[in-house]
Structure formats: C-alpha cells, structure tokens
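Below: one structure, written as structure tokens.
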Amino acid sequence: MSSPALDILAIAAHRDDVEQTCGGSLLKMAQCGRRTGILDLTQGEMGTRGSARERADEAAEAARILQISWRQALDIPDGRVENTWLNRLKVTRVIREQRPRVVILPYWQGRHPDHYTASVLGYEACFLAGLSKLGKAGARGRESGVGVEAHSFSRGQPNAEEEADLTAVASLPPHRPFKIIYATLYYDIRPSFVVDITEQFEGRLQSIYAYKSQFTDQAAGANDFPAHAEIRDRVATMAGFYGLLAGVKYAEPFLQKEVGLVEDLLKIPVKSL
Ligand SMILES: [Zn+2]
C-alpha cells in the first residue's frame, strides 16, 4: 500500500471500454481533485486490429488525457472473461490494494459476454474484498473449490497462481467500497442518474482517439479523418441524448441499485416542466 487510496475505480473488460462509457465522468472527478483509477480485466490480445502491446501504450496515453492516477490491466484472457474463483481473487486483490470508495462497473446486461460477466465478477470481488478471513490460514481449505464452482485445479490443492493471489489478498486489510454504480452506455436502459460531461466532452473524445490502432484504419484507402468524424458523431449523439434527459448538453448515464436520498427538496436537480 505505497499509494494513497483511490476515490473512484472503474473496472471494465477491455481497454477503451471505460473511455467509451464513463471517461468524461472520470476526467471530471480528477479535475475536482479526486484520485481516479482504471482496472482493465484483459489486455486486448483478441482485438482484430493492433497487438496487446500497442493497446497498452494507447491505454497509457488515454489515461494521461483523462488524468487517471492509476491504471492496470489484468491477464484474464480477452474474449474469455469468466466469473471464476481465480478471477475474483485477482480483482479482490486490486480492490484491497487500491481501496476505492466508489467502484464503477459495466452494466450487468449487454451484447458482449465479457461486459456483462465483468459486471458480476466485479460485484462479487468487491464483496469478497471486505471479508476479513479471506485467504487466512484457517479458511484456506474451505475456500478452494468448496462452496464455489468446481475447478479441477482448485479442488483441494490450490495451484501456484491461486496460492500467490490468496497470500497477497490475506496480507492486505479488508476493504469494501462504499458505493457501486453501473455505467450503462453500452445498453439501452433508462439510467438512475447522469453526470454532466459538457466540459469534459472533448477530453473524453481525445481519450478514445488515443486508441489509434482501433480507430484510424477503419476503411481501406481512407485517411483517419472520416473515421474520427464518424466516432465524434456517434459519441456526441449518445452523450447528447443523455444530456437532453437532464437538461445539459452532454452527459454519461449510470445506474445505482439503491434509491436516491434527498436532504433538501429545493435542491433536487433537473427540472420537471
Ligand atoms: Zn469492450
């Protein structure tokens, strides 16, 4: 725990998911002095364009643009994000290391299995991170392959990777995030609230453009301008739609499972008429 705790940690399956779903909100929070982080579960080796190495450089550049304090990619196979004990442990370890107060997860439904699986995996890892006995000596045997889905490798004897993660998790104090919110932009559902990103819209767009290997060679023979224009158009349309719902120019949508709590009825934002 050499670094201070994160205020907000966004977790997503693929590099560039966070930029596309909640990059503006992260930038806004950083501009307010908050410490923000991104955990990508995969490294992007299955992408049609570009290598995992290129995507790592692009992700670093996007993080710089969004003023992210901390970013890491796990080694979960791209296209095979599964909610396994081992994967939950990897995410739990990060949550205990980074100690975020707010966690942003992908919405739990969607077209891409990696996205909705990342949602459940992230939620369960947040829960596990708060269990004080997790990884401690007396609880070891019961955790491995008992009471969780069967894994041939983790039945009875934990393998080396699981052992290392469990030891790391056990060496860190328990931590449970105060709040989990879901970024819903990939899915057509009415959000519980939106964040006004009018001032951050350009920055968020630049963070998406940072993924040059993904967005500059869309059509044969075309220079990168049309691809960029098309992306700007799409991003602006979505952000404009959610902005319209709240009476601002651009916004990003989120869902919370809890109800909203209001102290002063005169300060509820978004006018009705
Ligand atoms: Zn994705």
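Residues are referred to by chain and number: the chain letter is A, B, ... according to the order shown in the structure tokens, the number counts from 1 in that chain, and ligands are numbered separately from 1 in the order shown.
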
Could you give me the residues within region 33-137 of chain A that DSSP places in strand (DSSP E), as a list in words?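 Checking each residue of region 33-137 of chain A, the strand (DSSP E) ones are Thr36, Gly37, Ile38, Leu39, Asp40, Trp70, Arg71, Gln72, Ala73, Val102, Val103, Ile104, Leu105 and Pro106 of chain A.
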
Go ahead and write the residues just picked, N, CA and C atoms, as a PDB file, in the first residue's frame.
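Result file out00.pdb:
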ATOM      1  N   THR A  36      -8.467   8.975  -9.277  1.00  0.00           N
ATOM      2  CA  THR A  36      -9.230   8.011 -10.067  1.00  0.00           C
ATOM      3  C   THR A  36      -8.328   6.898 -10.610  1.00  0.00           C
ATOM      4  N   GLY A  37      -8.929   5.730 -10.841  1.00  0.00           N
ATOM      5  CA  GLY A  37      -8.169   4.608 -11.374  1.00  0.00           C
ATOM      6  C   GLY A  37      -9.001   3.772 -12.338  1.00  0.00           C
ATOM      7  N   ILE A  38      -8.295   3.013 -13.170  1.00  0.00           N
ATOM      8  CA  ILE A  38      -8.956   2.117 -14.124  1.00  0.00           C
ATOM      9  C   ILE A  38      -8.324   0.736 -14.034  1.00  0.00           C
ATOM     10  N   LEU A  39      -9.165  -0.284 -13.895  1.00  0.00           N
ATOM     11  CA  LEU A  39      -8.693  -1.669 -13.971  1.00  0.00           C
ATOM     12  C   LEU A  39      -9.313  -2.318 -15.200  1.00  0.00           C
ATOM     13  N   ASP A  40      -8.462  -2.643 -16.171  1.00  0.00           N
ATOM     14  CA  ASP A  40      -8.917  -3.380 -17.348  1.00  0.00           C
ATOM     15  C   ASP A  40      -8.690  -4.859 -17.063  1.00  0.00           C
ATOM     16  N   TRP A  70      -4.073   5.979 -11.571  1.00  0.00           N
ATOM     17  CA  TRP A  70      -3.599   4.592 -11.514  1.00  0.00           C
ATOM     18  C   TRP A  70      -4.332   3.769 -12.565  1.00  0.00           C
ATOM     19  N   ARG A  71      -3.596   2.962 -13.328  1.00  0.00           N
ATOM     20  CA  ARG A  71      -4.241   2.077 -14.300  1.00  0.00           C
ATOM     21  C   ARG A  71      -3.463   0.776 -14.410  1.00  0.00           C
ATOM     22  N   GLN A  72      -4.197  -0.324 -14.490  1.00  0.00           N
ATOM     23  CA  GLN A  72      -3.549  -1.621 -14.636  1.00  0.00           C
ATOM     24  C   GLN A  72      -4.446  -2.527 -15.478  1.00  0.00           C
ATOM     25  N   ALA A  73      -3.818  -3.462 -16.214  1.00  0.00           N
ATOM     26  CA  ALA A  73      -4.589  -4.476 -16.937  1.00  0.00           C
ATOM     27  C   ALA A  73      -4.252  -5.839 -16.345  1.00  0.00           C
ATOM     28  N   VAL A 102     -15.583   4.497  -4.348  1.00  0.00           N
ATOM     29  CA  VAL A 102     -16.622   4.258  -5.354  1.00  0.00           C
ATOM     30  C   VAL A 102     -16.046   3.342  -6.432  1.00  0.00           C
ATOM     31  N   VAL A 103     -16.811   2.334  -6.823  1.00  0.00           N
ATOM     32  CA  VAL A 103     -16.412   1.464  -7.938  1.00  0.00           C
ATOM     33  C   VAL A 103     -17.438   1.608  -9.059  1.00  0.00           C
ATOM     34  N   ILE A 104     -16.945   1.826 -10.260  1.00  0.00           N
ATOM     35  CA  ILE A 104     -17.817   1.868 -11.436  1.00  0.00           C
ATOM     36  C   ILE A 104     -17.663   0.535 -12.169  1.00  0.00           C
ATOM     37  N   LEU A 105     -18.767  -0.167 -12.358  1.00  0.00           N
ATOM     38  CA  LEU A 105     -18.756  -1.444 -13.088  1.00  0.00           C
ATOM     39  C   LEU A 105     -19.561  -1.292 -14.378  1.00  0.00           C
ATOM     40  N   PRO A 106     -19.352  -2.196 -15.348  1.00  0.00           N
ATOM     41  CA  PRO A 106     -20.232  -2.192 -16.525  1.00  0.00           C
ATOM     42  C   PRO A 106     -21.634  -2.632 -16.085  1.00  0.00           C
TER      43      PRO A 106
END

Show me, as CSV, the residues of chain A having an atom within 6 Å of ligand 1, each with the closest atom pair and its distance in Å, using only C-alpha atoms and all ligand atoms.
residue,atom,partner,partner_atom_place_in_ligand_line,distance
A:Ala13,CA,ligand 1,1 (Zn),5.7
A:His14,CA,ligand 1,1 (Zn),4.6
A:Asp17,CA,ligand 1,1 (Zn),4.9

Contacts of Arg99 (chain A) at 9 Å or less, counting only C-alpha atoms, minus same-chain residues fewer than 2 places along, as a list in words?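 With the cut-off at 9 Å, the set is Pro4, Ala5, Leu6, Asp7, Ile8, Leu9, Val94, Ile95, Arg96, Glu97, Arg101, Pro174, His175, Arg176 and Pro177 of chain A.
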
Give me the residues of region 23-66 of chain A that have any atom at most 10 Å from an atom of region 211-216 of chain A; for each, the nearest atom pair and the distance in Å, rounded to one decimal. Use only C-alpha atoms, sort by chain and number, and format it as a Markdown table.
| residue | atom | partner | partner_atom | distance |
| --- | --- | --- | --- | --- |
| A:Gly47 | CA | A:Gln214 | CA | 8.5 |
| A:Thr48 | CA | A:Gln214 | CA | 8.3 |
| A:Arg49 | CA | A:Gln214 | CA | 5.8 |
| A:Gly50 | CA | A:Ser213 | CA | 5.1 |
| A:Ser51 | CA | A:Ser213 | CA | 8.4 |
| A:Glu54 | CA | A:Ser213 | CA | 7.3 |
| A:Arg55 | CA | A:Tyr211 | CA | 6.9 |
| A:Ala56 | CA | A:Tyr211 | CA | 9.5 |
| A:Asp57 | CA | A:Tyr211 | CA | 8.7 |
| A:Glu58 | CA | A:Tyr211 | CA | 5.1 |
| A:Ala59 | CA | A:Tyr211 | CA | 7.1 |
| A:Ala60 | CA | A:Tyr211 | CA | 9.8 |
| A:Glu61 | CA | A:Tyr211 | CA | 8.5 |
| A:Ala62 | CA | A:Tyr211 | CA | 7.6 |

Write out, as a short mmCIF file (atom, residue, chain, number, x, y, z; two decimals), in the first residue's frame, the residues just selected, with N, CA, C and O atoms.
data_model
loop_
_atom_site.label_atom_id
_atom_site.label_comp_id
_atom_site.auth_asym_id
_atom_site.auth_seq_id
_atom_site.Cartn_x
_atom_site.Cartn_y
_atom_site.Cartn_z
N GLY A 47 -8.17 -8.57 -30.12
CA GLY A 47 -8.66 -7.50 -30.99
C GLY A 47 -8.27 -7.72 -32.44
O GLY A 47 -7.19 -8.22 -32.74
N THR A 48 -9.20 -7.37 -33.34
CA THR A 48 -8.94 -7.52 -34.77
C THR A 48 -7.77 -6.65 -35.20
O THR A 48 -6.95 -7.03 -36.03
N ARG A 49 -7.72 -5.44 -34.62
CA ARG A 49 -6.66 -4.51 -35.01
C ARG A 49 -5.70 -4.29 -33.85
O ARG A 49 -6.11 -4.12 -32.72
N GLY A 50 -4.41 -4.24 -34.18
CA GLY A 50 -3.42 -3.90 -33.16
C GLY A 50 -3.09 -5.05 -32.23
O GLY A 50 -3.86 -5.99 -32.08
N SER A 51 -1.91 -4.96 -31.60
CA SER A 51 -1.47 -6.00 -30.66
C SER A 51 -1.75 -5.54 -29.23
O SER A 51 -2.07 -4.38 -28.99
N GLU A 54 0.55 -2.64 -28.39
CA GLU A 54 0.08 -1.34 -28.88
C GLU A 54 -1.05 -0.81 -28.00
O GLU A 54 -1.11 0.38 -27.68
N ARG A 55 -1.94 -1.70 -27.63
CA ARG A 55 -3.09 -1.27 -26.83
C ARG A 55 -2.64 -0.81 -25.45
O ARG A 55 -3.26 0.08 -24.86
N ALA A 56 -1.57 -1.39 -24.93
CA ALA A 56 -1.05 -0.94 -23.62
C ALA A 56 -0.57 0.50 -23.72
O ALA A 56 -0.85 1.33 -22.85
N ASP A 57 0.15 0.81 -24.80
CA ASP A 57 0.64 2.18 -24.99
C ASP A 57 -0.53 3.15 -25.17
O ASP A 57 -0.52 4.26 -24.64
N GLU A 58 -1.52 2.71 -25.94
CA GLU A 58 -2.69 3.57 -26.17
C GLU A 58 -3.47 3.80 -24.88
O GLU A 58 -3.93 4.91 -24.61
N ALA A 59 -3.59 2.75 -24.07
CA ALA A 59 -4.30 2.87 -22.79
C ALA A 59 -3.59 3.84 -21.87
O ALA A 59 -4.22 4.62 -21.14
N ALA A 60 -2.26 3.82 -21.91
CA ALA A 60 -1.48 4.74 -21.07
C ALA A 60 -1.71 6.18 -21.52
O ALA A 60 -1.85 7.09 -20.70
N GLU A 61 -1.75 6.39 -22.83
CA GLU A 61 -1.99 7.73 -23.37
C GLU A 61 -3.41 8.20 -23.01
O GLU A 61 -3.62 9.35 -22.61
N ALA A 62 -4.40 7.31 -23.14
CA ALA A 62 -5.78 7.66 -22.80
C ALA A 62 -5.88 8.02 -21.32
O ALA A 62 -6.56 8.99 -20.94
#

Taking 5 positions as the minimum chain separation for residues in the same chain, which residues sit within 9 Å of Gln67 (chain A) when counting only C-alpha atoms? Answer as a PDB file with C-alpha atoms, in the first residue's frame.
ATOM      1  CA  LEU A  26     -13.567  10.188 -14.502  1.00  0.00           C
ATOM      2  CA  LEU A  27     -11.965  13.257 -16.044  1.00  0.00           C
ATOM      3  CA  ALA A  30      -9.943  14.201 -11.492  1.00  0.00           C
ATOM      4  CA  GLN A  31     -10.451  17.882 -12.281  1.00  0.00           C
ATOM      5  CA  ARG A  35      -7.937  10.250  -7.283  1.00  0.00           C
ATOM      6  CA  THR A  36      -9.230   8.011 -10.067  1.00  0.00           C
ATOM      7  CA  ALA A  62      -5.778   7.664 -22.801  1.00  0.00           C
TER       8      ALA A  62
END

What are the closest atom pairs, with distances in Å to one decimal, for each residue of region 232-267 of chain A lying within 9 Å of region 185-202 of chain A, using only C-alpha atoms, rows by chain and rising residue number, as JSON lines?
{"residue": "A:Ala236", "atom": "CA", "partner": "A:Phe201", "partner_atom": "CA", "distance": 8.2}
{"residue": "A:Met238", "atom": "CA", "partner": "A:Leu185", "partner_atom": "CA", "distance": 8.0}
{"residue": "A:Ala239", "atom": "CA", "partner": "A:Ile197", "partner_atom": "CA", "distance": 8.2}
{"residue": "A:Tyr242", "atom": "CA", "partner": "A:Val194", "partner_atom": "CA", "distance": 7.0}
{"residue": "A:Gly243", "atom": "CA", "partner": "A:Asp196", "partner_atom": "CA", "distance": 6.8}
{"residue": "A:Leu245", "atom": "CA", "partner": "A:Val194", "partner_atom": "CA", "distance": 8.4}
{"residue": "A:Ala246", "atom": "CA", "partner": "A:Val194", "partner_atom": "CA", "distance": 7.3}
{"residue": "A:Val248", "atom": "CA", "partner": "A:Asp196", "partner_atom": "CA", "distance": 6.6}
{"residue": "A:Lys249", "atom": "CA", "partner": "A:Thr198", "partner_atom": "CA", "distance": 5.7}
{"residue": "A:Tyr250", "atom": "CA", "partner": "A:Thr198", "partner_atom": "CA", "distance": 4.6}
{"residue": "A:Ala251", "atom": "CA", "partner": "A:Asp196", "partner_atom": "CA", "distance": 4.4}
{"residue": "A:Glu252", "atom": "CA", "partner": "A:Val195", "partner_atom": "CA", "distance": 5.3}
{"residue": "A:Pro253", "atom": "CA", "partner": "A:Val194", "partner_atom": "CA", "distance": 4.4}
{"residue": "A:Phe254", "atom": "CA", "partner": "A:Pro191", "partner_atom": "CA", "distance": 5.2}
{"residue": "A:Leu255", "atom": "CA", "partner": "A:Ser192", "partner_atom": "CA", "distance": 4.7}
{"residue": "A:Gln256", "atom": "CA", "partner": "A:Ser192", "partner_atom": "CA", "distance": 6.2}
{"residue": "A:Lys257", "atom": "CA", "partner": "A:Ser192", "partner_atom": "CA", "distance": 8.6}
{"residue": "A:Val259", "atom": "CA", "partner": "A:Ser192", "partner_atom": "CA", "distance": 8.8}
{"residue": "A:Gly260", "atom": "CA", "partner": "A:Ser192", "partner_atom": "CA", "distance": 8.6}

Got time to write the residues from that selection, all heavy atoms, as a compact mmCIF listing (two decimals), in the first residue's frame?
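The result, stored in part-v1.txt:
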# COMPACT_ATOMS: atom_id res chain seq x y z
N ALA A 236 -21.03 11.97 -29.76
CA ALA A 236 -21.81 13.18 -29.48
C ALA A 236 -23.30 12.86 -29.44
O ALA A 236 -24.04 13.42 -28.62
CB ALA A 236 -21.51 14.24 -30.53
N MET A 238 -24.77 10.02 -28.55
CA MET A 238 -25.09 9.33 -27.30
C MET A 238 -25.02 10.29 -26.11
O MET A 238 -25.94 10.34 -25.27
CB MET A 238 -24.13 8.16 -27.06
CG MET A 238 -24.23 7.04 -28.07
SD MET A 238 -25.87 6.28 -28.09
CE MET A 238 -25.75 5.18 -26.68
N ALA A 239 -23.93 11.04 -26.03
CA ALA A 239 -23.77 11.97 -24.90
C ALA A 239 -24.84 13.05 -24.95
O ALA A 239 -25.33 13.51 -23.91
CB ALA A 239 -22.38 12.59 -24.92
N TYR A 242 -28.23 11.56 -23.58
CA TYR A 242 -28.30 11.50 -22.12
C TYR A 242 -28.26 12.90 -21.49
O TYR A 242 -28.83 13.12 -20.43
CB TYR A 242 -27.21 10.58 -21.57
CG TYR A 242 -27.51 9.13 -21.89
CD1 TYR A 242 -26.76 8.41 -22.80
CD2 TYR A 242 -28.61 8.51 -21.31
CE1 TYR A 242 -27.07 7.10 -23.12
CE2 TYR A 242 -28.93 7.19 -21.61
CZ TYR A 242 -28.16 6.49 -22.52
OH TYR A 242 -28.48 5.20 -22.85
N GLY A 243 -27.59 13.82 -22.18
CA GLY A 243 -27.59 15.20 -21.71
C GLY A 243 -29.00 15.78 -21.75
O GLY A 243 -29.46 16.42 -20.80
N LEU A 245 -31.80 14.34 -21.42
CA LEU A 245 -32.65 13.83 -20.33
C LEU A 245 -32.52 14.67 -19.06
O LEU A 245 -33.42 14.68 -18.22
CB LEU A 245 -32.25 12.37 -20.00
CG LEU A 245 -32.52 11.30 -21.06
CD1 LEU A 245 -32.09 9.94 -20.52
CD2 LEU A 245 -33.98 11.27 -21.47
N ALA A 246 -31.38 15.35 -18.93
CA ALA A 246 -31.15 16.10 -17.69
C ALA A 246 -31.02 17.60 -17.94
O ALA A 246 -30.67 18.35 -17.03
CB ALA A 246 -29.89 15.57 -17.01
N VAL A 248 -28.82 19.17 -19.90
CA VAL A 248 -27.46 19.68 -20.15
C VAL A 248 -27.05 19.22 -21.55
O VAL A 248 -27.76 18.44 -22.19
CB VAL A 248 -26.44 19.16 -19.10
CG1 VAL A 248 -26.83 19.62 -17.71
CG2 VAL A 248 -26.31 17.64 -19.15
N LYS A 249 -25.90 19.72 -22.04
CA LYS A 249 -25.53 19.37 -23.42
C LYS A 249 -25.07 17.92 -23.56
O LYS A 249 -25.57 17.17 -24.39
CB LYS A 249 -24.44 20.33 -23.92
CG LYS A 249 -24.16 20.13 -25.39
CD LYS A 249 -23.35 21.25 -26.00
CE LYS A 249 -23.23 21.02 -27.51
NZ LYS A 249 -22.17 21.83 -28.11
N TYR A 250 -24.08 17.54 -22.77
CA TYR A 250 -23.54 16.18 -22.87
C TYR A 250 -23.51 15.52 -21.49
O TYR A 250 -23.13 16.15 -20.50
CB TYR A 250 -22.11 16.18 -23.42
CG TYR A 250 -22.01 16.62 -24.86
CD1 TYR A 250 -21.15 17.66 -25.22
CD2 TYR A 250 -22.75 16.00 -25.87
CE1 TYR A 250 -21.03 18.06 -26.55
CE2 TYR A 250 -22.63 16.39 -27.19
CZ TYR A 250 -21.78 17.43 -27.52
OH TYR A 250 -21.66 17.82 -28.83
N ALA A 251 -23.86 14.24 -21.42
CA ALA A 251 -23.82 13.52 -20.14
C ALA A 251 -23.53 12.05 -20.36
O ALA A 251 -23.67 11.52 -21.47
CB ALA A 251 -25.16 13.69 -19.41
N GLU A 252 -23.11 11.40 -19.28
CA GLU A 252 -22.89 9.94 -19.28
C GLU A 252 -23.89 9.28 -18.32
O GLU A 252 -24.10 9.78 -17.21
CB GLU A 252 -21.46 9.62 -18.83
CG GLU A 252 -20.43 9.89 -19.92
CD GLU A 252 -18.98 9.81 -19.47
OE1 GLU A 252 -18.73 9.81 -18.25
OE2 GLU A 252 -18.11 9.76 -20.34
N PRO A 253 -24.48 8.15 -18.71
CA PRO A 253 -25.53 7.51 -17.91
C PRO A 253 -25.00 6.47 -16.92
O PRO A 253 -24.07 5.71 -17.23
CB PRO A 253 -26.37 6.81 -18.98
CG PRO A 253 -25.37 6.42 -20.03
CD PRO A 253 -24.29 7.47 -20.02
N PHE A 254 -25.63 6.43 -15.75
CA PHE A 254 -25.28 5.44 -14.72
C PHE A 254 -26.55 4.90 -14.07
O PHE A 254 -27.59 5.54 -14.09
CB PHE A 254 -24.41 6.08 -13.63
CG PHE A 254 -23.07 6.53 -14.10
CD1 PHE A 254 -22.90 7.82 -14.60
CD2 PHE A 254 -21.99 5.68 -14.09
CE1 PHE A 254 -21.66 8.25 -15.06
CE2 PHE A 254 -20.74 6.09 -14.56
CZ PHE A 254 -20.58 7.39 -15.04
N LEU A 255 -26.39 3.74 -13.47
CA LEU A 255 -27.49 3.15 -12.73
C LEU A 255 -26.98 2.76 -11.35
O LEU A 255 -25.86 2.29 -11.21
CB LEU A 255 -27.96 1.91 -13.48
CG LEU A 255 -29.35 1.42 -13.14
CD1 LEU A 255 -30.07 1.03 -14.41
CD2 LEU A 255 -29.30 0.24 -12.21
N GLN A 256 -27.79 3.04 -10.33
CA GLN A 256 -27.46 2.54 -8.99
C GLN A 256 -28.61 1.65 -8.54
O GLN A 256 -29.76 1.89 -8.88
CB GLN A 256 -27.23 3.69 -8.01
CG GLN A 256 -28.45 4.55 -7.75
CD GLN A 256 -28.23 5.56 -6.61
OE1 GLN A 256 -27.20 5.59 -5.97
NE2 GLN A 256 -29.24 6.38 -6.37
N LYS A 257 -28.28 0.60 -7.78
CA LYS A 257 -29.32 -0.32 -7.32
C LYS A 257 -30.10 0.28 -6.15
O LYS A 257 -31.25 -0.06 -5.94
CB LYS A 257 -28.68 -1.64 -6.87
CG LYS A 257 -28.16 -2.49 -8.03
CD LYS A 257 -27.48 -3.75 -7.52
CE LYS A 257 -27.02 -4.64 -8.65
NZ LYS A 257 -26.17 -5.75 -8.17
N VAL A 259 -31.86 3.38 -3.78
CA VAL A 259 -32.65 4.58 -4.08
C VAL A 259 -31.79 5.81 -3.81
O VAL A 259 -30.79 5.75 -3.09
CB VAL A 259 -33.93 4.68 -3.22
CG1 VAL A 259 -34.88 3.55 -3.54
CG2 VAL A 259 -33.59 4.73 -1.73
N GLY A 260 -32.20 6.95 -4.38
CA GLY A 260 -31.52 8.21 -4.09
C GLY A 260 -32.03 8.76 -2.76
O GLY A 260 -33.19 8.56 -2.40

List the neighbours of Arg204 (chain A) out to 9 Å using only C-alpha atoms; skip same-chain residues closer than 4 positions along the sequence, and give me the result as a list of chain:residue names. A:Glu19, A:Gln20, A:Cys22, A:Gly23, A:Gly24, A:Ser25, A:Leu27, A:Ala62, A:Ile65, A:Leu66, A:Ile197, A:Gln200, A:Ile208, A:Tyr209

May I have the selected residues written with C-alpha atoms, as a PDB file, in the first residue's frame?
ATOM      1  CA  GLU A  19     -13.151   5.661 -22.157  1.00  0.00           C
ATOM      2  CA  GLN A  20     -16.349   4.946 -24.070  1.00  0.00           C
ATOM      3  CA  CYS A  22     -17.516   6.811 -18.286  1.00  0.00           C
ATOM      4  CA  GLY A  23     -14.308   8.574 -19.358  1.00  0.00           C
ATOM      5  CA  GLY A  24     -15.873  12.027 -19.094  1.00  0.00           C
ATOM      6  CA  SER A  25     -17.034  11.398 -15.533  1.00  0.00           C
ATOM      7  CA  LEU A  27     -11.965  13.257 -16.044  1.00  0.00           C
ATOM      8  CA  ALA A  62      -5.778   7.664 -22.801  1.00  0.00           C
ATOM      9  CA  ILE A  65      -5.613  12.507 -21.164  1.00  0.00           C
ATOM     10  CA  LEU A  66      -8.246  11.572 -18.553  1.00  0.00           C
ATOM     11  CA  ILE A 197     -19.710  15.980 -19.004  1.00  0.00           C
ATOM     12  CA  GLN A 200     -15.135  17.100 -20.440  1.00  0.00           C
ATOM     13  CA  ILE A 208     -10.995   7.440 -27.380  1.00  0.00           C
ATOM     14  CA  TYR A 209      -8.905   8.697 -30.310  1.00  0.00           C
TER      15      TYR A 209
END

Identify all residues of region 67-245 of chain A in alpha helix (DSSP H) (DSSP on the backbone) and supply them as a count of residues only. 82

One decimal, in Å: what's the spacing between CA of Gly79 (chain A) and CA of Asp233 (chain A)? 27.6 Å

Counting only C-alpha atoms, the option among A:Ile68, A:Val18, A:Ile11, A:Ile76 closest to Thr42 (chain A):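 Of the candidates, the smallest distance to Thr42 (chain A) is held by A:Ile76.
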
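Between CA of Leu41 (chain A) and CA of Ala137 (chain A) lies a distance of 27.7 Å.
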